[in-house]
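What follows is structure_16.txt (compact mmCIF, C-alpha atoms).
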```txt
# COMPACT_ATOMS: atom_id res chain seq x y z
CA MET A 9 0.19 -119.80 13.59
CA LYS A 10 -1.93 -116.68 13.57
CA ALA A 11 -1.74 -114.34 16.56
CA SER A 12 -5.03 -113.80 18.33
CA PRO A 13 -6.33 -110.24 18.26
CA SER A 14 -5.76 -108.25 21.40
CA ILE A 15 -8.82 -107.35 23.39
CA ASN A 16 -8.87 -103.99 25.10
CA ILE A 17 -10.80 -104.62 28.31
CA THR A 18 -11.01 -100.89 29.06
CA ASP A 19 -12.81 -100.23 25.77
CA ASN A 20 -15.19 -103.12 26.43
CA PHE A 21 -16.09 -101.75 29.86
CA PHE A 22 -16.52 -98.25 28.43
CA ASP A 23 -18.84 -99.60 25.72
CA ALA A 24 -20.83 -101.48 28.37
CA ALA A 25 -21.05 -98.37 30.55
CA ALA A 26 -22.12 -96.23 27.58
CA SER A 27 -24.83 -98.76 26.72
CA ILE A 28 -26.14 -98.77 30.29
CA VAL A 29 -26.19 -94.98 30.53
CA SER A 30 -27.85 -94.61 27.11
CA LYS A 31 -30.64 -97.00 28.03
CA ALA A 32 -31.17 -95.21 31.34
CA ILE A 33 -31.39 -91.85 29.52
CA LEU A 34 -34.13 -93.27 27.29
CA ASP A 35 -36.04 -94.32 30.41
CA VAL A 36 -35.61 -90.90 32.04
CA ASN A 37 -36.85 -89.16 28.90
CA ALA A 38 -39.86 -91.50 28.72
CA GLN A 39 -40.80 -90.42 32.27
CA LYS A 40 -40.47 -86.67 31.64
CA THR A 41 -43.72 -84.78 31.25
CA GLU A 42 -42.28 -81.29 30.85
CA GLY A 43 -39.04 -79.49 30.16
CA PRO A 44 -36.24 -80.42 27.79
CA LEU A 45 -35.23 -84.01 27.22
CA LEU A 46 -31.89 -85.33 28.40
CA ILE A 47 -29.55 -85.45 25.40
CA ASP A 48 -27.35 -88.54 25.19
CA HIS A 49 -24.07 -86.72 24.59
CA PRO A 50 -20.90 -86.79 26.72
CA ASP A 51 -21.01 -83.02 27.30
CA THR A 52 -24.64 -82.88 28.45
CA LEU A 53 -24.69 -81.32 31.91
CA LEU A 54 -26.45 -83.20 34.68
CA LEU A 55 -25.64 -81.54 37.99
CA SER A 56 -25.24 -77.84 37.42
CA GLU A 57 -27.36 -74.76 37.04
CA GLU A 58 -27.47 -75.50 33.30
CA GLY A 59 -28.45 -79.15 33.83
CA VAL A 60 -31.70 -80.27 32.22
CA ILE A 61 -32.97 -82.73 34.83
CA ASP A 62 -34.33 -82.14 38.28
CA SER A 63 -33.33 -84.05 41.41
CA LEU A 64 -36.10 -86.63 41.02
CA ALA A 65 -35.12 -87.39 37.42
CA PHE A 66 -31.46 -87.53 38.47
CA ALA A 67 -32.24 -90.06 41.22
CA PHE A 68 -34.25 -92.11 38.70
CA LEU A 69 -31.30 -92.00 36.27
CA ILE A 70 -28.87 -93.29 38.91
CA VAL A 71 -31.16 -96.10 40.09
CA THR A 72 -31.89 -97.08 36.48
CA VAL A 73 -28.18 -97.21 35.62
CA GLU A 74 -27.57 -99.48 38.63
CA GLN A 75 -30.47 -101.73 37.60
CA TYR A 76 -29.27 -102.02 33.98
CA ALA A 77 -25.79 -102.97 35.21
CA LEU A 78 -27.37 -105.81 37.15
CA ASP A 79 -29.85 -106.84 34.43
CA ASP A 80 -27.51 -106.62 31.43
CA PHE A 81 -24.14 -107.57 32.93
CA ASP A 82 -25.02 -109.37 36.16
CA LYS A 83 -22.94 -106.79 38.01
CA GLU A 84 -24.25 -105.07 41.11
CA ILE A 85 -22.91 -101.53 41.31
CA VAL A 86 -23.57 -98.76 43.81
CA LEU A 87 -23.04 -95.28 42.43
CA PHE A 88 -23.77 -93.41 45.66
CA ASP A 89 -21.44 -95.04 48.15
CA ASP A 90 -19.73 -93.49 51.19
CA GLU A 91 -16.87 -92.10 49.10
CA VAL A 92 -19.27 -90.34 46.73
CA MET A 93 -21.36 -88.96 49.57
CA GLN A 94 -18.26 -87.13 50.85
CA MET A 95 -17.47 -85.51 47.48
CA ASP A 96 -17.87 -81.83 46.70
CA PHE A 97 -20.33 -81.89 43.81
CA ASP A 98 -19.29 -78.41 42.67
CA THR A 99 -15.81 -79.56 41.65
CA ILE A 100 -14.46 -80.59 38.26
CA GLY A 101 -13.95 -84.19 39.41
CA ASN A 102 -17.66 -84.67 40.11
CA PRO A 103 -18.62 -87.97 38.43
CA PHE A 104 -22.19 -86.75 37.97
CA MET A 105 -21.45 -83.44 36.23
CA THR A 106 -21.98 -84.68 32.66
CA ILE A 107 -23.13 -87.76 30.78
CA GLY A 108 -19.48 -88.38 29.90
CA SER A 109 -18.28 -88.24 33.50
CA LEU A 110 -21.15 -90.49 34.57
CA THR A 111 -20.25 -93.01 31.86
CA LYS A 112 -16.59 -93.06 32.97
CA PHE A 113 -17.70 -93.48 36.58
CA VAL A 114 -19.97 -96.41 35.65
CA GLN A 115 -17.06 -97.91 33.72
CA SER A 116 -14.93 -97.77 36.87
CA LYS A 117 -17.62 -99.68 38.77
CA LEU A 118 -18.07 -102.51 36.24
```

As structure tokens, how would this structure be written, given the file I've shared?
Amino acid sequence: MKASPSINITDNFFDAAASIVSKAILDVNAQKTEGPLLIDHPDTLLLSEEGVIDSLAFAFLIVTVEQYALDDFDKEIVLFDDEVMQMDFDTIGNPFMTIGSLTKFVQSKL
């Protein structure tokens, strides 16, 4: 009898989160009329002085990520909950600092 391959659930959720974030980035870039585009790379800064999106584009990104989670995976997630609202966004643990940290945060919500 052949052993069934092991499935790494964590990798599957990370792949799902990466897909959601990537699609949302495409939507944000499609809406931009000026300034640099948002690069889909884990190290791309979102919330910092060097970030390439403004607050309106950031809000659109977050709402779009939440919508894709619902549309693609039938999972309702809320990225700005009470816990997040109490965070210090200038710290290293900020889930919205980079594309990579956002993707990991989305993974934790799926």

| query | What gap, in Å, lies between CA of Asp35 (chain A) and CA of Asn102 (chain A)? | reply |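 Going from CA of Asp35 (chain A) over to CA of Asn102 (chain A), I get 22.9 Å.
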
Excluding Met93 (chain A) and its own-chain neighbours fewer than 6 positions away, which residues fall within 12 Å of it when counting all atoms listed in the file? Please give them as an mmCIF file with C-alpha atoms, in the frame of the given file.
```cif
data_model
loop_
_atom_site.group_PDB
_atom_site.id
_atom_site.type_symbol
_atom_site.label_atom_id
_atom_site.label_comp_id
_atom_site.auth_asym_id
_atom_site.auth_seq_id
_atom_site.Cartn_x
_atom_site.Cartn_y
_atom_site.Cartn_z
ATOM 1 C CA VAL A 86 -23.570 -98.760 43.810
ATOM 2 C CA LEU A 87 -23.040 -95.280 42.430
ATOM 3 C CA ASN A 102 -17.660 -84.670 40.110
ATOM 4 C CA PRO A 103 -18.620 -87.970 38.430
ATOM 5 C CA PHE A 104 -22.190 -86.750 37.970
#
```

| Hey, can you check how far CA of Ser56 (chain A) sits from CA of Met105 (chain A)? |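 Pair CA of Ser56 (chain A) / CA of Met105 (chain A) returns 6.9 Å.
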
| request: Rounded to one decimal place, report the CA of Leu46 (chain A)-CA of Val60 (chain A) distance in Å. | output: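 About the pair CA of Leu46 (chain A) and CA of Val60 (chain A): they are 6.3 Å apart.
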
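For region 76-81 of chain A, the set of protein, DNA and RNA residues having any atom at most 8 Å away, when counting only C-alpha atoms and skipping those fewer than 4 positions along the same chain, is Ile28, Lys31, Ala32, Thr72, Ile85 and Leu118 of chain A.
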
| said: So, with only C-alpha atoms as the atoms that count, which of A:Ile100, A:Pro44, A:Phe66, A:Ala24 lies closest to Asp82 (chain A)? | reply: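 Closest to Asp82 (chain A) of all the choices is A:Ala24.
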